[in-house]
Every structure is written in structure tokens, then in C-alpha cells.
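Source file: input_9.cif; contents: mmCIF, C-alpha atoms.
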```
data_my_file
loop_
_atom_site.label_atom_id
_atom_site.label_comp_id
_atom_site.auth_asym_id
_atom_site.auth_seq_id
_atom_site.Cartn_x
_atom_site.Cartn_y
_atom_site.Cartn_z
CA MET A 1 -4.16 -15.36 -48.07
CA THR A 2 -3.82 -18.50 -50.12
CA ILE A 3 -2.41 -18.74 -53.64
CA LYS A 4 -5.91 -19.43 -54.91
CA ASP A 5 -7.21 -16.29 -53.19
CA THR A 6 -4.48 -14.23 -54.87
CA GLN A 7 -5.28 -15.74 -58.26
CA THR A 8 -8.97 -15.05 -57.74
CA ILE A 9 -8.25 -11.40 -57.03
CA LEU A 10 -5.96 -10.94 -60.05
CA GLN A 11 -7.94 -13.07 -62.45
CA PRO A 12 -10.65 -10.52 -63.52
CA GLU A 13 -8.14 -7.81 -64.48
CA LEU A 14 -5.99 -10.27 -66.39
CA VAL A 15 -9.01 -11.62 -68.22
CA ASN A 16 -10.10 -8.06 -69.05
CA GLN A 17 -6.68 -7.24 -70.48
CA LEU A 18 -6.73 -10.35 -72.63
CA GLU A 19 -10.25 -9.60 -73.79
CA ARG A 20 -9.26 -6.07 -74.78
CA LYS A 21 -6.33 -7.38 -76.81
CA ILE A 22 -8.41 -10.07 -78.46
CA SER A 23 -11.14 -7.53 -79.22
CA TYR A 24 -8.59 -5.13 -80.73
CA LEU A 25 -7.11 -7.81 -82.98
CA ARG A 26 -10.57 -8.94 -84.03
CA ASP A 27 -11.47 -5.36 -84.97
CA LEU A 28 -8.24 -5.04 -86.95
CA GLN A 29 -8.86 -8.37 -88.63
CA SER A 30 -12.40 -7.31 -89.58
CA ALA A 31 -11.23 -3.93 -90.95
CA ILE A 32 -8.59 -5.57 -93.12
CA LYS A 33 -10.93 -8.33 -94.25
CA ASN A 34 -13.55 -5.78 -95.33
CA ASN A 35 -11.02 -3.36 -96.89
CA GLN A 36 -11.97 -0.65 -94.40
CA ILE A 37 -8.74 1.31 -94.85
CA SER A 38 -9.84 4.25 -92.70
CA GLN A 39 -10.74 1.89 -89.87
CA VAL A 40 -7.34 0.20 -90.09
CA TYR A 41 -5.59 3.55 -89.67
CA GLN A 42 -7.85 4.42 -86.76
CA LEU A 43 -6.94 1.16 -85.04
CA LEU A 44 -3.23 1.63 -85.73
CA ASP A 45 -3.18 5.10 -84.16
CA PRO A 46 -6.52 6.07 -82.61
CA HIS A 47 -5.09 9.18 -80.93
CA LYS A 48 -3.73 10.62 -84.18
CA PHE A 49 -6.88 9.65 -86.06
CA ASN A 50 -9.17 11.34 -83.54
CA ASP A 51 -6.96 14.40 -83.21
CA ARG A 52 -8.26 15.45 -86.62
CA PHE A 53 -11.52 16.29 -84.87
CA GLN A 54 -9.89 17.35 -81.59
CA LYS A 55 -11.58 14.45 -79.87
CA MET A 56 -10.34 12.88 -76.68
CA SER A 57 -9.71 9.18 -76.96
CA SER A 58 -9.54 6.44 -74.36
CA ASP A 59 -8.18 3.91 -76.83
CA PRO A 60 -5.10 1.77 -76.11
CA SER A 61 -1.73 3.45 -75.92
CA MET A 62 0.65 3.27 -78.88
CA ALA A 63 3.00 1.07 -76.83
CA GLN A 64 0.20 -1.46 -76.37
CA ILE A 65 -0.74 -1.36 -80.05
CA ASP A 66 2.86 -1.69 -81.19
CA GLY A 67 3.23 -4.71 -78.99
CA LEU A 68 0.23 -6.38 -80.59
CA VAL A 69 1.16 -5.73 -84.25
CA ALA A 70 4.95 -5.49 -84.10
CA ASP A 71 5.54 -8.73 -85.98
CA ILE A 72 3.03 -7.97 -88.76
CA LYS A 73 3.66 -4.27 -89.36
CA LYS A 74 5.30 -4.87 -92.72
CA ASP A 75 2.41 -7.07 -93.82
CA ILE A 76 -0.10 -4.41 -92.77
CA ALA A 77 1.93 -1.79 -94.65
CA ALA A 78 1.94 -3.97 -97.78
CA PHE A 79 -1.87 -4.16 -97.51
CA LEU A 80 -2.26 -0.39 -97.05
CA ALA A 81 0.34 0.77 -99.57
CA PRO A 82 -1.58 0.44 -102.88
CA GLU A 83 -4.42 2.72 -101.74
CA LEU A 84 -2.06 5.33 -100.31
CA ILE A 85 0.29 5.28 -103.30
CA ASN A 86 -2.67 5.72 -105.62
CA TYR A 87 -3.81 8.73 -103.58
CA VAL A 88 -0.35 10.35 -103.73
CA VAL A 89 0.02 9.67 -107.47
CA ILE A 90 -3.35 11.31 -108.18
CA ASN A 91 -2.95 14.31 -105.87
CA PHE A 92 0.79 14.84 -106.27
CA ASP A 93 1.30 13.58 -109.83
CA PHE A 94 4.68 15.31 -110.13
CA LEU A 95 6.09 13.11 -107.34
CA THR A 96 7.57 9.66 -107.88
CA LEU A 97 7.49 6.96 -105.20
CA GLU A 98 9.86 4.03 -104.95
CA PRO A 99 9.67 1.32 -102.25
CA VAL A 100 12.57 1.18 -99.81
CA ALA A 101 14.39 -2.11 -100.12
CA ASP A 102 13.58 -4.60 -97.35
CA ASP A 103 11.13 -2.23 -95.64
CA ALA A 104 7.52 -2.37 -96.82
CA THR A 105 6.56 0.46 -94.45
CA LEU A 106 8.62 3.10 -96.29
CA TYR A 107 8.66 4.70 -99.75
CA ASP A 108 11.26 7.14 -101.02
CA VAL A 109 9.64 10.21 -102.57
CA TYR A 110 11.26 12.02 -105.50
CA ILE A 111 10.37 15.21 -107.35
CA GLY A 112 9.71 14.33 -110.99
CA ASP A 113 10.38 11.19 -112.95
CA TRP A 114 13.37 12.44 -114.92
CA TRP A 115 16.85 10.97 -114.73
CA ASP A 116 18.79 11.86 -111.57
CA HIS A 117 15.71 13.26 -109.83
CA ARG A 118 16.24 14.35 -106.23
CA GLN A 119 14.71 12.67 -103.20
CA LEU A 120 12.29 14.99 -101.47
CA GLY A 121 11.77 12.72 -98.49
CA THR A 122 10.40 9.41 -97.22
CA LEU A 123 6.76 8.40 -96.84
CA ASN A 124 5.77 6.11 -93.96
CA VAL A 125 2.78 4.01 -95.04
CA LEU A 126 1.64 3.21 -91.51
CA THR A 127 1.71 6.78 -90.21
CA VAL A 128 1.03 8.52 -93.55
CA MET A 129 3.79 10.95 -92.70
CA LEU A 130 6.21 12.36 -95.25
CA THR A 131 9.55 13.27 -93.71
CA SER A 132 10.92 15.82 -96.17
CA ASP A 133 14.46 17.03 -96.78
CA ASP A 134 14.51 20.58 -95.38
CA SER A 135 17.57 21.51 -97.45
CA ILE A 136 15.71 20.81 -100.70
CA THR A 137 12.55 22.69 -99.71
CA SER A 138 14.68 25.62 -98.47
CA GLU A 139 16.52 25.75 -101.80
CA LEU A 140 13.25 25.78 -103.72
CA ILE A 141 11.81 28.52 -101.49
CA GLU A 142 14.95 30.60 -102.07
CA THR A 143 14.85 29.93 -105.83
CA ALA A 144 11.22 31.06 -106.00
CA LYS A 145 12.22 34.43 -104.51
CA LEU A 146 14.93 35.15 -107.10
CA SER A 147 14.50 37.10 -110.31
CA GLU A 148 14.48 35.29 -113.66
CA GLU A 149 18.13 36.22 -114.25
CA GLU A 150 19.30 34.93 -110.88
CA THR A 151 19.94 31.46 -109.49
CA ILE A 152 21.27 30.14 -106.20
CA ASN A 153 24.62 29.44 -107.87
CA THR A 154 24.91 32.74 -109.77
CA THR A 155 27.86 34.01 -107.69
CA LYS A 156 29.66 30.65 -107.84
CA ILE A 157 29.17 30.46 -111.60
CA GLN A 158 30.55 33.97 -112.09
CA GLU A 159 33.62 33.12 -109.99
CA VAL A 160 34.24 29.90 -111.93
CA LYS A 161 33.87 31.68 -115.28
CA LYS A 162 36.35 34.33 -114.17
CA VAL A 163 38.92 31.66 -113.29
CA MET A 164 38.23 29.88 -116.57
CA THR A 165 38.81 33.09 -118.54
CA GLY A 166 42.26 33.46 -116.96
CA LEU A 167 43.18 29.83 -117.64
CA GLU A 168 41.90 29.99 -121.22
CA SER A 169 43.89 33.20 -121.77
CA PHE A 170 47.03 31.45 -120.52
CA LEU A 171 46.53 28.55 -122.91
CA ALA A 172 45.66 30.89 -125.80
CA ASP A 173 49.04 32.61 -125.35
CA ASN A 174 50.83 29.30 -125.91
CA THR A 175 51.33 29.96 -129.63
CA LYS A 176 52.79 33.38 -128.88
CA ARG A 177 55.19 31.89 -126.32
CA SER A 178 56.26 29.17 -128.76
CA LEU A 179 57.11 31.81 -131.37
CA GLU A 180 59.05 33.81 -128.77
CA LEU A 181 61.03 30.70 -127.86
CA GLN A 182 61.85 30.09 -131.50
CA VAL A 183 63.04 33.67 -131.95
CA ILE A 184 65.20 33.44 -128.81
CA GLU A 185 66.71 30.16 -129.98
CA ASP A 186 67.52 31.75 -133.36
CA GLN A 187 69.11 34.76 -131.64
CA LEU A 188 71.21 32.50 -129.39
CA VAL A 189 72.38 30.52 -132.41
CA GLU A 190 73.28 33.76 -134.16
CA ILE A 191 75.30 34.93 -131.18
CA SER A 192 77.05 31.56 -130.93
CA THR A 193 77.97 31.61 -134.62
CA ASN A 194 79.27 35.18 -134.48
CA LYS A 195 83.00 34.62 -134.96
CA SER A 196 84.03 38.20 -135.55
CA GLY A 197 83.77 39.07 -131.88
CA LEU A 198 82.67 42.53 -132.81
CA PHE A 199 80.16 42.71 -130.00
CA GLY A 200 82.40 41.46 -127.19
CA ARG A 201 80.87 42.05 -123.76
CA SER A 202 77.51 43.10 -125.19
CA ASP A 203 77.16 39.61 -126.70
CA LYS A 204 77.56 38.06 -123.27
CA VAL A 205 74.98 40.36 -121.66
CA THR A 206 72.58 39.75 -124.51
CA ARG A 207 73.06 35.97 -124.28
CA GLU A 208 72.42 35.98 -120.50
CA ALA A 209 69.24 38.03 -120.95
CA LEU A 210 68.01 35.76 -123.74
CA GLU A 211 68.79 32.60 -121.78
CA LYS A 212 66.98 33.96 -118.72
CA LYS A 213 63.93 34.79 -120.82
CA GLN A 214 64.17 31.38 -122.51
CA GLU A 215 64.27 29.65 -119.13
CA LEU A 216 61.23 31.59 -117.95
CA LEU A 217 59.26 30.75 -121.11
CA ILE A 218 60.15 27.05 -120.90
CA ALA A 219 59.07 26.96 -117.24
CA THR A 220 55.81 28.65 -118.24
CA GLN A 221 55.26 26.14 -121.06
CA LYS A 222 55.75 23.26 -118.61
CA ARG A 223 52.70 24.52 -116.70
CA ILE A 224 50.40 23.82 -119.65
CA PRO A 225 49.33 20.31 -118.49
CA GLU A 226 48.63 21.68 -115.01
CA VAL A 227 46.60 24.58 -116.41
CA GLU A 228 44.68 22.27 -118.73
CA GLU A 229 43.77 20.07 -115.77
CA LYS A 230 42.65 23.10 -113.74
CA LEU A 231 40.53 24.29 -116.66
CA SER A 232 38.95 20.86 -116.94
CA ASN A 233 38.15 20.92 -113.22
CA GLN A 234 36.60 24.36 -113.49
CA GLN A 235 34.49 23.20 -116.43
CA ASP A 236 33.27 20.31 -114.27
CA TYR A 237 32.41 22.73 -111.45
CA LEU A 238 30.53 24.95 -113.87
CA LEU A 239 28.56 21.98 -115.20
CA VAL A 240 27.63 20.91 -111.66
CA PHE A 241 26.46 24.40 -110.65
CA GLU A 242 24.47 24.89 -113.87
CA LYS A 243 22.92 21.45 -113.54
CA GLU A 244 21.90 22.16 -109.93
CA ASP A 245 20.23 25.41 -110.95
CA ALA A 246 18.47 23.82 -113.93
CA LEU A 247 17.22 20.96 -111.75
CA ARG A 248 15.88 23.36 -109.12
CA GLN A 249 14.06 25.32 -111.79
CA LEU A 250 12.54 22.13 -113.18
CA GLU A 251 11.44 21.03 -109.70
CA LEU A 252 9.98 24.45 -108.92
CA GLN A 253 8.06 24.60 -112.20
CA SER A 254 6.57 21.15 -111.50
CA ILE A 255 5.40 22.23 -108.04
CA LEU A 256 4.12 25.67 -109.03
CA ALA A 257 2.09 24.11 -111.82
CA HIS A 258 -0.12 22.72 -109.03
CA TYR A 259 0.33 25.13 -106.10
CA VAL A 260 0.39 28.91 -105.86
CA ASP A 261 3.65 28.93 -103.94
CA MET A 262 6.13 26.74 -102.06
CA PRO A 263 4.70 27.34 -98.55
CA THR A 264 1.30 26.06 -99.74
CA PHE A 265 2.93 22.94 -101.16
CA ILE A 266 4.89 22.31 -97.95
CA THR A 267 1.71 22.73 -95.90
CA GLU A 268 -0.02 20.14 -98.08
CA LEU A 269 2.80 17.69 -97.47
CA GLN A 270 2.63 18.28 -93.73
CA HIS A 271 -1.14 17.66 -93.70
CA ILE A 272 -1.18 14.64 -95.99
CA TYR A 273 -2.45 12.41 -93.16
CA VAL A 274 -5.50 14.60 -92.53
CA SER A 275 -6.30 15.03 -96.22
CA TYR A 276 -5.91 11.30 -96.88
CA MET A 277 -8.09 10.26 -93.94
CA THR A 278 -10.72 12.78 -95.02
CA LYS A 279 -10.66 11.27 -98.50
CA LEU A 280 -11.06 7.77 -97.08
CA ASP A 281 -14.00 8.87 -94.91
CA GLN A 282 -15.75 10.15 -98.02
CA LYS A 283 -15.73 6.75 -99.66
#
```

Translate this structure into C-alpha cells?
Amino acid sequence: MTIKDTQTILQPELVNQLERKISYLRDLQSAIKNNQISQVYQLLDPHKFNDRFQKMSSDPSMAQIDGLVADIKKDIAAFLAPELINYVVINFDFLTLEPVADDATLYDVYIGDWWDHRQLGTLNVLTVMLTSDDSITSELIETAKLSEEETINTTKIQEVKKVMTGLESFLADNTKRSLELQVIEDQLVEISTNKSGLFGRSDKVTREALEKKQELLIATQKRIPEVEEKLSNQQDYLLVFEKEDALRQLELQSILAHYVDMPTFITELQHIYVSYMTKLDQK
């Protein structure tokens, strides 16, 4: 078989492959040109798009599609983002979205717009998939199950307050210890100035006892800076725990103002692709 014969045999399949790729890119170009957002998503992932209706699809594989649009994915995401962000803002108005630096395909999603809000997850514009932080959703589910008097950090807060009470008691006794030291110093001076020697051996025993007590009180007084630092640390811990609980309550209130419970909210997040595509189809 000659080289030309081989080329003749292979030529039709190669031409067909090129035609399919050209046709795909033309369809994508047309969808973008005509602002057919739903069609763009269908072309980007036909299998996922058709799975909404449990339809079998013979469209190109994702590997083939990725190969065709790999170098323009960020540009496609920039085109799709405004419509998707608008949908999220309207349907999840308690969430805040911020673009990820240097990656137009991703948006960080936060609960609330207050200072120091927590990141719930990351939204992929091309897949319309929100990857959520399971630890945050688990905390909110647990918080929702607690009584009004309870919080996730209740036990920790009680332990910290108990330690703080002991430290504060130690510092509060400082005045008492200072007075005791003064009395001991006066007694030692009195013993030292006793020239009559009437007390003899008892003076020596008394002095030793007073000096031992004085030494113990001085050593205790030297711990004051250490205790003050420990108290400051415990106050910081308490503030952190109380802030965490307050933030969780604020997040939970924002969510439950729109959904009957946390599982319903989580389900909505997991099905955002389906709900968004359905919304686009209705346009």
C-alpha cells in the first residue's frame, strides 16, 4: 500500500474530527454572540446539562471539550459571571461573593456582608458548583439543634470563666498580702529593737516563723505579673469563644430567615446548577 493509499484511508476520519471541532467552536461562538447563556453551559458540559433530564448524550467527552477551550476558559468565565452572580445575589441575598485573585473562574462565597465574615465555600463559574466548607455547615447544623441558652462553646466558656475567677481572686488578695507583709516587717523590726532580751529563745523562733511567712508572701507577690498575663490570655480566649458563638448565631439567623432549616439550605446549595439552568431555560 502506497503512502497516498494510506492517506486516502485516513483522510475521511481526520476530516470528520476537524469538522466536529469546528462545528463545536462555531456553536459556542454563536451562543456567546447571542447571549444564550444556557446554550453555553450545555456546550461546556453537555453530559451534566442533560443529566438534569436523565437524558443520554452522545456529545463530545469533557477531555475533548477541555482541549478545545482550555486557553479561553477564563475569558468564558468572565462572560458568564455577571449573569450567575446576579442569580446568586437575588436568590441567596445573605451571601457575599468576591472574585478570586488571578482566577476569573472562581468566586469566594461568604455568609453575610459584615466585618470578618466567614467563607462558606468557593463557586466555580464554569461548572456552577459551590464547594462548601463542611466544618462551617456542620457547626451551623449543631448550633440549630441547641437550646437558646446553649452554644457550641458553652463548656469551653464555663471552663475559662472558672480559671478567670481563680486568677481574679488571687489578684484581689494582693492588698491583703501587702498588709500582711507590712505587719510582719513591723513585727520583725520590733523583735530586732527589743534590747531587754526578755523573750530569749522565743524571739528567735518567732523571728524564724515570721521570716518564713515573709519569704512565702514575697514569692507569692512576685507571681502577680505572671498571673496578670494568664488572666489576660484567658480574657482573650473568652472573647474568641464568645465571638465564635455570636458569629454562628448571626449566620444561622441569616440562613433561617430564608430556609426552614439547615438541611434545606445545604440541599439548595448542592442543586444550584439545576436551579440555575432551569431559571435560564425559562428566559

Can you spell out as a ChimeraX atom specification the set of residues that the PyMOL selection byres ((chain A and resi 276) around 12) selects in the structure I just provided? /A:37-38,41,49,52,83-88,90-91,125,127-129,268-275,277-283

Shortest interatomic distance to Leu217 of chain A - which of A:Gln182, A:Gln235, A:Thr122, A:Gln187, counting only C-alpha atoms: A:Gln182

From the set A:Lys212, A:Ile266, A:Gly67, A:Pro99, which residue has the shortest atom-to-atom contact distance to Asp133 of chain A, counting only C-alpha atoms? A:Ile266

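With distances restricted to only C-alpha atoms, A:Leu130 is the closest residue to Thr267 of chain A from A:Leu80, A:Leu130, A:Leu28, A:Ala104.
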
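In terms of minimum interatomic distance to Ile72 of chain A, A:Leu25 ranks closest within A:Val100, A:Phe92, A:Leu25, A:Asn50, counting all atoms listed in the file.
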
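Distance check against Asn174 of chain A using all atoms listed in the file: of A:Ile224, A:Ala219, A:Leu146, A:Leu43, the minimum falls on A:Ile224.
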
Kindly resolve the PyMOL selection byres ((chain A and resi 74) around 10) on the present coordinates and return the residues as a PDB file with C-alpha atoms, in the frame of the given file.
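The resulting file, part.pdb, is shown below:
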```pdb
ATOM      1  CA  VAL A  69       1.160  -5.730 -84.250  1.00  0.00           C
ATOM      2  CA  ALA A  70       4.950  -5.490 -84.100  1.00  0.00           C
ATOM      3  CA  ASP A  71       5.540  -8.730 -85.980  1.00  0.00           C
ATOM      4  CA  ILE A  72       3.030  -7.970 -88.760  1.00  0.00           C
ATOM      5  CA  LYS A  73       3.660  -4.270 -89.360  1.00  0.00           C
ATOM      6  CA  ASP A  75       2.410  -7.070 -93.820  1.00  0.00           C
ATOM      7  CA  ILE A  76      -0.100  -4.410 -92.770  1.00  0.00           C
ATOM      8  CA  ALA A  77       1.930  -1.790 -94.650  1.00  0.00           C
ATOM      9  CA  ALA A  78       1.940  -3.970 -97.780  1.00  0.00           C
ATOM     10  CA  PHE A  79      -1.870  -4.160 -97.510  1.00  0.00           C
ATOM     11  CA  LEU A  80      -2.260  -0.390 -97.050  1.00  0.00           C
ATOM     12  CA  ASP A 102      13.580  -4.600 -97.350  1.00  0.00           C
ATOM     13  CA  ASP A 103      11.130  -2.230 -95.640  1.00  0.00           C
ATOM     14  CA  ALA A 104       7.520  -2.370 -96.820  1.00  0.00           C
ATOM     15  CA  THR A 105       6.560   0.460 -94.450  1.00  0.00           C
ATOM     16  CA  LEU A 106       8.620   3.100 -96.290  1.00  0.00           C
ATOM     17  CA  VAL A 125       2.780   4.010 -95.040  1.00  0.00           C
ATOM     18  CA  LEU A 126       1.640   3.210 -91.510  1.00  0.00           C
TER      19      LEU A 126
END
```

From atom CA of Asp245 of chain A to atom CA of Thr151 of chain A the spacing works out at 6.2 Å

Picked residues, the PyMOL selection byres ((chain A and resi 144) around 12), as a ChimeraX atom specification: /A:137-143,145-152,245,248-253,255-256,260-263

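With atom CA of Arg207 of chain A on one side and atom CA of Leu188 of chain A on the other, the separation reads 6.4 Å.
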
Looking at all atoms listed in the file, which of A:Glu168, A:Asp173, A:Leu239, A:Ser192 is the one that sits closest to Val227 of chain A? A:Glu168

Report the distance between atom CA of Phe241 of chain A and atom CA of His258 of chain A in Å, rounded to one decimal place. 26.7 Å

Would you kindly return, as a ChimeraX atom specification, each protein, DNA or RNA residue with an atom no farther than 10 Å from any atom of Leu68 of chain A, considering all atoms listed in the file and excluding same-chain residues fewer than 6 positions away? /A:21-22,24-25,62

Where is the centre and how long are the edges: axis-aligned box on segment 15-31 of chain A, 4 Å on each side, Å to one decimal, as JSON:
```
{"center_x": -9.4, "center_y": -7.8, "center_z": -79.6, "size_x": 14.1, "size_y": 15.7, "size_z": 30.7}
```

At a cut-off of 12 Å around the point (69.2, 32.8, -132.3) (file coordinates), what residues fall inside when counting all atoms listed in the file? I'd like the answer as a ChimeraX atom specification. /A:180-194,203,206-207,210-211,214

Since the input lacks atoms, please generate N, CA, C and O atoms for segment 72-87 of chain A and provide them as an mmCIF file, in the frame of the given file.
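Contents of out_38.cif, freshly written:
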```cif
data_model
loop_
_atom_site.group_PDB
_atom_site.id
_atom_site.type_symbol
_atom_site.label_atom_id
_atom_site.label_comp_id
_atom_site.auth_asym_id
_atom_site.auth_seq_id
_atom_site.Cartn_x
_atom_site.Cartn_y
_atom_site.Cartn_z
ATOM 1 N N ILE A 72 3.756 -7.980 -87.480
ATOM 2 C CA ILE A 72 3.030 -7.970 -88.760
ATOM 3 C C ILE A 72 2.931 -6.570 -89.360
ATOM 4 O O ILE A 72 2.145 -6.336 -90.286
ATOM 5 N N LYS A 73 3.714 -5.639 -88.855
ATOM 6 C CA LYS A 73 3.660 -4.270 -89.360
ATOM 7 C C LYS A 73 3.940 -4.187 -90.862
ATOM 8 O O LYS A 73 3.252 -3.475 -91.595
ATOM 9 N N LYS A 74 4.944 -4.921 -91.307
ATOM 10 C CA LYS A 74 5.300 -4.870 -92.720
ATOM 11 C C LYS A 74 4.186 -5.448 -93.587
ATOM 12 O O LYS A 74 3.933 -4.969 -94.695
ATOM 13 N N ASP A 75 3.514 -6.472 -93.075
ATOM 14 C CA ASP A 75 2.410 -7.070 -93.820
ATOM 15 C C ASP A 75 1.221 -6.100 -93.890
ATOM 16 O O ASP A 75 0.548 -5.997 -94.924
ATOM 17 N N ILE A 76 0.980 -5.411 -92.782
ATOM 18 C CA ILE A 76 -0.100 -4.410 -92.770
ATOM 19 C C ILE A 76 0.229 -3.278 -93.742
ATOM 20 O O ILE A 76 -0.634 -2.807 -94.490
ATOM 21 N N ALA A 77 1.501 -2.862 -93.741
ATOM 22 C CA ALA A 77 1.930 -1.790 -94.650
ATOM 23 C C ALA A 77 1.755 -2.223 -96.109
ATOM 24 O O ALA A 77 1.321 -1.432 -96.944
ATOM 25 N N ALA A 78 2.095 -3.466 -96.412
ATOM 26 C CA ALA A 78 1.940 -3.970 -97.780
ATOM 27 C C ALA A 78 0.469 -3.950 -98.199
ATOM 28 O O ALA A 78 0.144 -3.694 -99.367
ATOM 29 N N PHE A 79 -0.426 -4.193 -97.243
ATOM 30 C CA PHE A 79 -1.870 -4.160 -97.510
ATOM 31 C C PHE A 79 -2.340 -2.720 -97.743
ATOM 32 O O PHE A 79 -3.172 -2.461 -98.618
ATOM 33 N N LEU A 80 -1.818 -1.779 -96.968
ATOM 34 C CA LEU A 80 -2.260 -0.390 -97.050
ATOM 35 C C LEU A 80 -1.623 0.398 -98.189
ATOM 36 O O LEU A 80 -2.197 1.380 -98.675
ATOM 37 N N ALA A 81 -0.449 -0.006 -98.613
ATOM 38 C CA ALA A 81 0.340 0.770 -99.570
ATOM 39 C C ALA A 81 -0.374 1.090 -100.886
ATOM 40 O O ALA A 81 -0.355 2.249 -101.328
ATOM 41 N N PRO A 82 -0.986 0.133 -101.562
ATOM 42 C CA PRO A 82 -1.580 0.440 -102.880
ATOM 43 C C PRO A 82 -2.559 1.607 -102.854
ATOM 44 O O PRO A 82 -2.528 2.478 -103.735
ATOM 45 N N GLU A 83 -3.435 1.636 -101.839
ATOM 46 C CA GLU A 83 -4.420 2.720 -101.740
ATOM 47 C C GLU A 83 -3.746 4.063 -101.508
ATOM 48 O O GLU A 83 -4.095 5.078 -102.128
ATOM 49 N N LEU A 84 -2.765 4.088 -100.621
ATOM 50 C CA LEU A 84 -2.060 5.330 -100.310
ATOM 51 C C LEU A 84 -1.245 5.813 -101.506
ATOM 52 O O LEU A 84 -1.259 7.013 -101.833
ATOM 53 N N ILE A 85 -0.525 4.903 -102.141
ATOM 54 C CA ILE A 85 0.290 5.280 -103.300
ATOM 55 C C ILE A 85 -0.594 5.842 -104.403
ATOM 56 O O ILE A 85 -0.250 6.833 -105.056
ATOM 57 N N ASN A 86 -1.733 5.234 -104.605
ATOM 58 C CA ASN A 86 -2.670 5.720 -105.620
ATOM 59 C C ASN A 86 -3.141 7.133 -105.293
ATOM 60 O O ASN A 86 -3.247 7.993 -106.177
ATOM 61 N N TYR A 87 -3.387 7.395 -104.016
ATOM 62 C CA TYR A 87 -3.810 8.730 -103.580
ATOM 63 C C TYR A 87 -2.709 9.765 -103.866
ATOM 64 O O TYR A 87 -2.980 10.855 -104.386
#
```
